[in-house]
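K.L.:
This is work_29.pdb (PDB, C-alpha atoms).
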```pdb
ATOM      1  CA  MET Y   1      91.658  94.004  94.478  1.00  0.00           C
ATOM      2  CA  LEU Y   2      95.357  94.740  94.914  1.00  0.00           C
ATOM      3  CA  THR Y   3      96.209  96.117  98.360  1.00  0.00           C
ATOM      4  CA  ALA Y   4      99.521  97.740  99.266  1.00  0.00           C
ATOM      5  CA  ILE Y   5     100.745  99.038 102.592  1.00  0.00           C
ATOM      6  CA  TYR Y   6     103.018 101.997 103.256  1.00  0.00           C
ATOM      7  CA  PRO Y   7     104.355 101.723 106.808  1.00  0.00           C
ATOM      8  CA  GLY Y   8     106.201 104.357 108.799  1.00  0.00           C
ATOM      9  CA  SER Y   9     106.307 106.275 112.035  1.00  0.00           C
ATOM     10  CA  PHE Y  10     105.112 109.504 110.343  1.00  0.00           C
ATOM     11  CA  ASP Y  11     106.315 111.634 113.258  1.00  0.00           C
ATOM     12  CA  PRO Y  12     105.266 113.864 111.573  1.00  0.00           C
ATOM     13  CA  ILE Y  13     104.147 113.149 108.037  1.00  0.00           C
ATOM     14  CA  THR Y  14     106.137 115.204 105.508  1.00  0.00           C
ATOM     15  CA  ASN Y  15     105.656 116.263 101.905  1.00  0.00           C
ATOM     16  CA  GLY Y  16     108.226 113.599 101.037  1.00  0.00           C
ATOM     17  CA  HIS Y  17     105.931 110.963 102.525  1.00  0.00           C
ATOM     18  CA  LEU Y  18     103.015 112.458 100.614  1.00  0.00           C
ATOM     19  CA  ASP Y  19     104.977 112.298  97.364  1.00  0.00           C
ATOM     20  CA  VAL Y  20     105.499 108.556  97.863  1.00  0.00           C
ATOM     21  CA  ILE Y  21     101.907 108.063  99.026  1.00  0.00           C
ATOM     22  CA  GLY Y  22     100.499 109.841  95.980  1.00  0.00           C
ATOM     23  CA  ARG Y  23     102.533 107.734  93.586  1.00  0.00           C
ATOM     24  CA  ALA Y  24     101.851 104.511  95.489  1.00  0.00           C
ATOM     25  CA  SER Y  25      98.115 105.213  95.432  1.00  0.00           C
ATOM     26  CA  ARG Y  26      98.249 104.801  91.645  1.00  0.00           C
ATOM     27  CA  LEU Y  27      99.920 101.390  91.899  1.00  0.00           C
ATOM     28  CA  ALA Y  28      97.260  99.665  93.993  1.00  0.00           C
ATOM     29  CA  ASP Y  29      93.501  99.599  94.237  1.00  0.00           C
ATOM     30  CA  ARG Y  30      93.795 100.134  97.990  1.00  0.00           C
ATOM     31  CA  LEU Y  31      96.700 101.679  99.879  1.00  0.00           C
ATOM     32  CA  VAL Y  32      96.844 101.348 103.643  1.00  0.00           C
ATOM     33  CA  VAL Y  33      99.143 103.817 105.353  1.00  0.00           C
ATOM     34  CA  GLY Y  34     100.257 102.114 108.544  1.00  0.00           C
ATOM     35  CA  VAL Y  35     101.440 104.381 111.336  1.00  0.00           C
ATOM     36  CA  LEU Y  36     103.882 102.402 113.434  1.00  0.00           C
ATOM     37  CA  LEU Y  37     103.682 102.327 117.201  1.00  0.00           C
ATOM     38  CA  ASN Y  38     107.328 101.564 117.975  1.00  0.00           C
ATOM     39  CA  ALA Y  39     108.234 101.109 121.632  1.00  0.00           C
ATOM     40  CA  ASN Y  40     111.908 101.744 120.786  1.00  0.00           C
ATOM     41  CA  LYS Y  41     111.238 105.299 119.606  1.00  0.00           C
ATOM     42  CA  ASN Y  42     110.267 108.346 121.608  1.00  0.00           C
ATOM     43  CA  PRO Y  43     107.887 110.131 119.213  1.00  0.00           C
ATOM     44  CA  LEU Y  44     107.055 113.821 119.370  1.00  0.00           C
ATOM     45  CA  PHE Y  45     103.392 113.100 118.636  1.00  0.00           C
ATOM     46  CA  PRO Y  46     101.411 110.263 120.248  1.00  0.00           C
ATOM     47  CA  ILE Y  47     100.060 107.559 117.942  1.00  0.00           C
ATOM     48  CA  GLU Y  48      96.514 108.960 117.862  1.00  0.00           C
ATOM     49  CA  GLU Y  49      97.777 112.377 116.778  1.00  0.00           C
ATOM     50  CA  ARG Y  50     100.078 110.908 114.118  1.00  0.00           C
ATOM     51  CA  VAL Y  51      97.138 108.938 112.695  1.00  0.00           C
ATOM     52  CA  GLU Y  52      94.972 112.085 112.741  1.00  0.00           C
ATOM     53  CA  LEU Y  53      97.660 114.216 111.033  1.00  0.00           C
ATOM     54  CA  THR Y  54      98.203 111.524 108.402  1.00  0.00           C
ATOM     55  CA  ARG Y  55      94.481 111.087 107.722  1.00  0.00           C
ATOM     56  CA  GLU Y  56      94.118 114.833 107.224  1.00  0.00           C
ATOM     57  CA  ALA Y  57      97.077 114.841 104.832  1.00  0.00           C
ATOM     58  CA  VAL Y  58      95.698 112.057 102.606  1.00  0.00           C
ATOM     59  CA  ARG Y  59      91.975 112.823 102.699  1.00  0.00           C
ATOM     60  CA  GLN Y  60      91.989 113.738  98.986  1.00  0.00           C
ATOM     61  CA  TYR Y  61      92.780 110.135  97.993  1.00  0.00           C
ATOM     62  CA  PRO Y  62      89.685 107.909  97.829  1.00  0.00           C
ATOM     63  CA  ASN Y  63      91.656 104.655  97.846  1.00  0.00           C
ATOM     64  CA  ILE Y  64      93.786 105.372 100.937  1.00  0.00           C
ATOM     65  CA  GLU Y  65      93.099 104.270 104.482  1.00  0.00           C
ATOM     66  CA  VAL Y  66      95.162 105.193 107.538  1.00  0.00           C
ATOM     67  CA  THR Y  67      95.512 102.988 110.593  1.00  0.00           C
ATOM     68  CA  HIS Y  68      98.125 102.178 113.195  1.00  0.00           C
ATOM     69  CA  PHE Y  69      99.938  98.971 113.998  1.00  0.00           C
ATOM     70  CA  ASP Y  70     102.671  97.488 116.114  1.00  0.00           C
ATOM     71  CA  GLY Y  71     104.584  94.254 115.858  1.00  0.00           C
ATOM     72  CA  LEU Y  72     105.807  92.595 112.706  1.00  0.00           C
ATOM     73  CA  LEU Y  73     105.167  94.321 109.421  1.00  0.00           C
ATOM     74  CA  VAL Y  74     104.338  91.011 107.740  1.00  0.00           C
ATOM     75  CA  GLU Y  75     101.582  90.438 110.298  1.00  0.00           C
ATOM     76  CA  PHE Y  76     100.181  93.899 109.567  1.00  0.00           C
ATOM     77  CA  ALA Y  77     100.322  93.113 105.837  1.00  0.00           C
ATOM     78  CA  GLU Y  78      98.514  89.832 106.406  1.00  0.00           C
ATOM     79  CA  ARG Y  79      95.827  91.533 108.521  1.00  0.00           C
ATOM     80  CA  GLU Y  80      95.244  94.068 105.725  1.00  0.00           C
ATOM     81  CA  GLN Y  81      95.433  91.365 103.024  1.00  0.00           C
ATOM     82  CA  ALA Y  82      98.241  93.300 101.336  1.00  0.00           C
ATOM     83  CA  ARG Y  83     100.471  91.810  98.672  1.00  0.00           C
ATOM     84  CA  ILE Y  84     102.852  94.787  98.408  1.00  0.00           C
ATOM     85  CA  ILE Y  85     104.911  96.806 100.881  1.00  0.00           C
ATOM     86  CA  VAL Y  86     105.814 100.262  99.583  1.00  0.00           C
ATOM     87  CA  ARG Y  87     108.978 101.898 100.867  1.00  0.00           C
ATOM     88  CA  GLY Y  88     110.467 105.251  99.958  1.00  0.00           C
ATOM     89  CA  ILE Y  89     114.180 105.575  99.284  1.00  0.00           C
ATOM     90  CA  ARG Y  90     115.976 108.908  99.647  1.00  0.00           C
ATOM     91  CA  ALA Y  91     119.629 107.877  99.514  1.00  0.00           C
ATOM     92  CA  ILE Y  92     121.962 104.893  99.367  1.00  0.00           C
ATOM     93  CA  SER Y  93     121.936 104.710 103.168  1.00  0.00           C
ATOM     94  CA  ASP Y  94     118.149 104.200 103.064  1.00  0.00           C
ATOM     95  CA  TYR Y  95     118.551 101.476 100.458  1.00  0.00           C
ATOM     96  CA  GLU Y  96     120.952  99.421 102.567  1.00  0.00           C
ATOM     97  CA  PHE Y  97     118.591  99.372 105.542  1.00  0.00           C
ATOM     98  CA  GLU Y  98     115.472  98.864 103.416  1.00  0.00           C
ATOM     99  CA  LEU Y  99     117.080  95.997 101.513  1.00  0.00           C
ATOM    100  CA  GLN Y 100     117.767  94.158 104.771  1.00  0.00           C
ATOM    101  CA  MET Y 101     114.191  94.691 105.897  1.00  0.00           C
ATOM    102  CA  ALA Y 102     112.770  93.616 102.521  1.00  0.00           C
ATOM    103  CA  LEU Y 103     114.808  90.414 102.555  1.00  0.00           C
ATOM    104  CA  MET Y 104     113.726  89.592 106.108  1.00  0.00           C
ATOM    105  CA  ASN Y 105     110.082  90.266 105.225  1.00  0.00           C
ATOM    106  CA  ARG Y 106     110.432  88.009 102.178  1.00  0.00           C
ATOM    107  CA  ARG Y 107     111.899  85.310 104.387  1.00  0.00           C
ATOM    108  CA  LEU Y 108     108.978  85.608 106.804  1.00  0.00           C
ATOM    109  CA  LYS Y 109     106.299  85.883 104.104  1.00  0.00           C
ATOM    110  CA  PRO Y 110     107.588  84.869 100.643  1.00  0.00           C
ATOM    111  CA  ASP Y 111     104.489  86.017  98.733  1.00  0.00           C
ATOM    112  CA  LEU Y 112     104.767  89.596 100.040  1.00  0.00           C
ATOM    113  CA  GLU Y 113     106.652  91.898  97.648  1.00  0.00           C
ATOM    114  CA  THR Y 114     108.482  95.095  98.573  1.00  0.00           C
ATOM    115  CA  VAL Y 115     108.417  97.932  96.054  1.00  0.00           C
ATOM    116  CA  PHE Y 116     110.899 100.787  96.423  1.00  0.00           C
ATOM    117  CA  LEU Y 117     109.894 104.228  95.215  1.00  0.00           C
ATOM    118  CA  MET Y 118     112.653 106.778  94.850  1.00  0.00           C
ATOM    119  CA  ALA Y 119     112.000 110.084  96.556  1.00  0.00           C
ATOM    120  CA  SER Y 120     111.671 112.971  94.171  1.00  0.00           C
ATOM    121  CA  GLU Y 121     114.776 115.138  94.120  1.00  0.00           C
ATOM    122  CA  HIS Y 122     112.763 117.951  95.683  1.00  0.00           C
ATOM    123  CA  HIS Y 123     112.135 115.837  98.806  1.00  0.00           C
ATOM    124  CA  SER Y 124     115.233 113.633  98.910  1.00  0.00           C
ATOM    125  CA  PHE Y 125     116.771 115.414 101.908  1.00  0.00           C
ATOM    126  CA  VAL Y 126     113.581 115.638 103.986  1.00  0.00           C
ATOM    127  CA  SER Y 127     113.104 113.381 106.994  1.00  0.00           C
ATOM    128  CA  SER Y 128     110.788 113.631 109.971  1.00  0.00           C
ATOM    129  CA  ARG Y 129     113.819 113.799 112.243  1.00  0.00           C
ATOM    130  CA  ILE Y 130     115.250 116.830 110.427  1.00  0.00           C
ATOM    131  CA  ILE Y 131     111.830 118.505 110.261  1.00  0.00           C
ATOM    132  CA  LYS Y 132     111.398 118.172 114.033  1.00  0.00           C
ATOM    133  CA  GLU Y 133     114.879 119.534 114.721  1.00  0.00           C
ATOM    134  CA  VAL Y 134     114.463 122.548 112.444  1.00  0.00           C
ATOM    135  CA  ALA Y 135     110.993 123.290 113.829  1.00  0.00           C
ATOM    136  CA  ARG Y 136     112.233 122.898 117.420  1.00  0.00           C
ATOM    137  CA  LEU Y 137     114.919 125.498 116.728  1.00  0.00           C
ATOM    138  CA  GLY Y 138     112.366 127.903 115.223  1.00  0.00           C
ATOM    139  CA  GLY Y 139     113.140 127.275 111.554  1.00  0.00           C
ATOM    140  CA  ASP Y 140     110.619 127.458 108.746  1.00  0.00           C
ATOM    141  CA  VAL Y 141     109.430 124.040 107.543  1.00  0.00           C
ATOM    142  CA  ARG Y 142     106.282 125.200 105.723  1.00  0.00           C
ATOM    143  CA  ASP Y 143     107.519 123.971 102.328  1.00  0.00           C
ATOM    144  CA  MET Y 144     108.335 120.528 103.692  1.00  0.00           C
ATOM    145  CA  VAL Y 145     105.150 119.548 105.553  1.00  0.00           C
ATOM    146  CA  PRO Y 146     101.405 120.036 105.034  1.00  0.00           C
ATOM    147  CA  ALA Y 147     100.048 123.285 106.525  1.00  0.00           C
ATOM    148  CA  HIS Y 148      98.166 121.505 109.327  1.00  0.00           C
ATOM    149  CA  VAL Y 149     101.372 119.704 110.348  1.00  0.00           C
ATOM    150  CA  ASP Y 150     103.323 122.981 110.332  1.00  0.00           C
ATOM    151  CA  ALA Y 151     100.695 124.528 112.610  1.00  0.00           C
ATOM    152  CA  ARG Y 152     100.848 121.554 114.985  1.00  0.00           C
ATOM    153  CA  LEU Y 153     104.658 121.667 115.076  1.00  0.00           C
ATOM    154  CA  ARG Y 154     104.634 125.369 115.890  1.00  0.00           C
ATOM    155  CA  ALA Y 155     102.074 124.867 118.638  1.00  0.00           C
ATOM    156  CA  ARG Y 156     103.992 121.924 120.089  1.00  0.00           C
ATOM    157  CA  PHE Y 157     107.295 123.752 120.285  1.00  0.00           C
ATOM    158  CA  GLN Y 158     105.796 126.991 121.557  1.00  0.00           C
ATOM    159  CA  ARG Y 159     104.165 125.054 124.400  1.00  0.00           C
ATOM    160  CA  SER Y 160     107.380 123.238 125.301  1.00  0.00           C
ATOM    161  CA  GLU Y 161     109.353 126.502 125.505  1.00  0.00           C
ATOM    162  CA  SER Y 162     106.880 128.176 127.896  1.00  0.00           C
TER     163      SER Y 162
END
```
Once more with this new file: its structure as structure tokens, please.
P.N.:
Amino acid sequence: MLTAIYPGSFDPITNGHLDVIGRASRLADRLVVGVLLNANKNPLFPIEERVELTREAVRQYPNIEVTHFDGLLVEFAEREQARIIVRGIRAISDYEFELQMALMNRRLKPDLETVFLMASEHHSFVSSRIIKEVARLGGDVRDMVPAHVDARLRARFQRSES
């Protein structure tokens, strides 16, 4: 059984993430979406909520599991018995960073391959950071995130403005 992992902070999960997830789910028998608990970031949603939002977004895929992790990605891959890391690329700037990470991961675990999937042109400008900023300012992000994520964003920003 070929297992792949798709790591990210997913704060929140976007339709761009789902595009990559859907395509990656066809490349492996089992795809584990790993929601990163990163102490260096200040997420909008706590880890439990990000996992919940991500699980809801991918529930239609029978071969996808969602969990959280912290620490080295190669250790997460080893724990999940993954042979492939899937990463989405939106622009050249993404590629430069992702290439460095892929080379470091290869150095740490030579038998672990990184596969880059290009974002579809429809989602190439979408990032969680931009989604949060637009939603915070009252903009409409319905076409860029799943409906349940849009609802949670609206609720979060309405609460913080009260």
K.L.:
What's the 8 Å shell around segment 37-45 of chain Y, counting all atoms listed in the file, without same-chain residues fewer than 5 positions away, as JSON, numbers by chain?
P.N.:
{"Y": [9, 11, 12, 50, 68, 69, 70]}
K.L.:
Looking at Y:Ile89, Y:Met144, Y:Val126, Y:Leu137, which one is nearest to Arg156 of chain Y, with distances taken over all atoms listed in the file?
P.N.:
Y:Leu137
K.L.:
Closest to Pro62 of chain Y among Y:Asn15, Y:Ser25, Y:Ser93, Y:Gln81, using only C-alpha atoms?
P.N.:
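Looking only at the distances to Pro62 of chain Y, the closest residue turns out to be Y:Ser25.
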K.L.:
Which residue, Y:Gly16, Y:Pro146, Y:Gly139, Y:Gly34, has the smallest gap to Ala77 of chain Y when you use all atoms listed in the file?
P.N.:
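Checking each candidate against Ala77 of chain Y, we get Y:Gly34 as the closest.
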K.L.:
Work out how far atom CA of Glu49 of chain Y is from atom CA of Ala28 of chain Y, in Å to one decimal.
P.N.:
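Going from atom CA of Ala28 of chain Y over to atom CA of Glu49 of chain Y, I get 26.1 Å.
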K.L.:
Which residue out of Y:Pro7, Y:Pro110, Y:Gly138, Y:Gly22 has the minimum interatomic distance to Ile64 of chain Y when all atoms listed in the file are used?
P.N.:
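Checking each candidate against Ile64 of chain Y, we get Y:Gly22 as the closest.
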K.L.:
Closest to Thr67 of chain Y among Y:Val35, Y:Val145, Y:Ala155, Y:Leu112, using only C-alpha atoms?
P.N.:
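Ranked by minimum distance to Thr67 of chain Y, first place goes to Y:Val35.
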K.L.:
Might you pull out every residue within 10 Å of Leu108 of chain Y, with all atoms listed in the file counted and same-chain residues fewer than 5 positions away left off, and present them as a count of residues only?
P.N.:
6
K.L.:
Considering only C-alpha atoms, can you say which of Y:Met104, Y:Ala119, Y:Leu153, Y:Ile5 comes closest to Ala91 of chain Y?
P.N.:
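Closest candidate: Y:Ala119.
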K.L.:
So which residues fall inside 12 Å of (116.4, 102.4, 100.3) if we count all atoms listed in the file? Mind giving them as a PyMOL selection string?
P.N.:
chain Y and resi 86-102+114-119+124
K.L.:
Could you state the separation of atom CA of Glu65 of chain Y and atom CA of Val51 of chain Y in Å, given to one decimal place?
P.N.:
10.3 Å
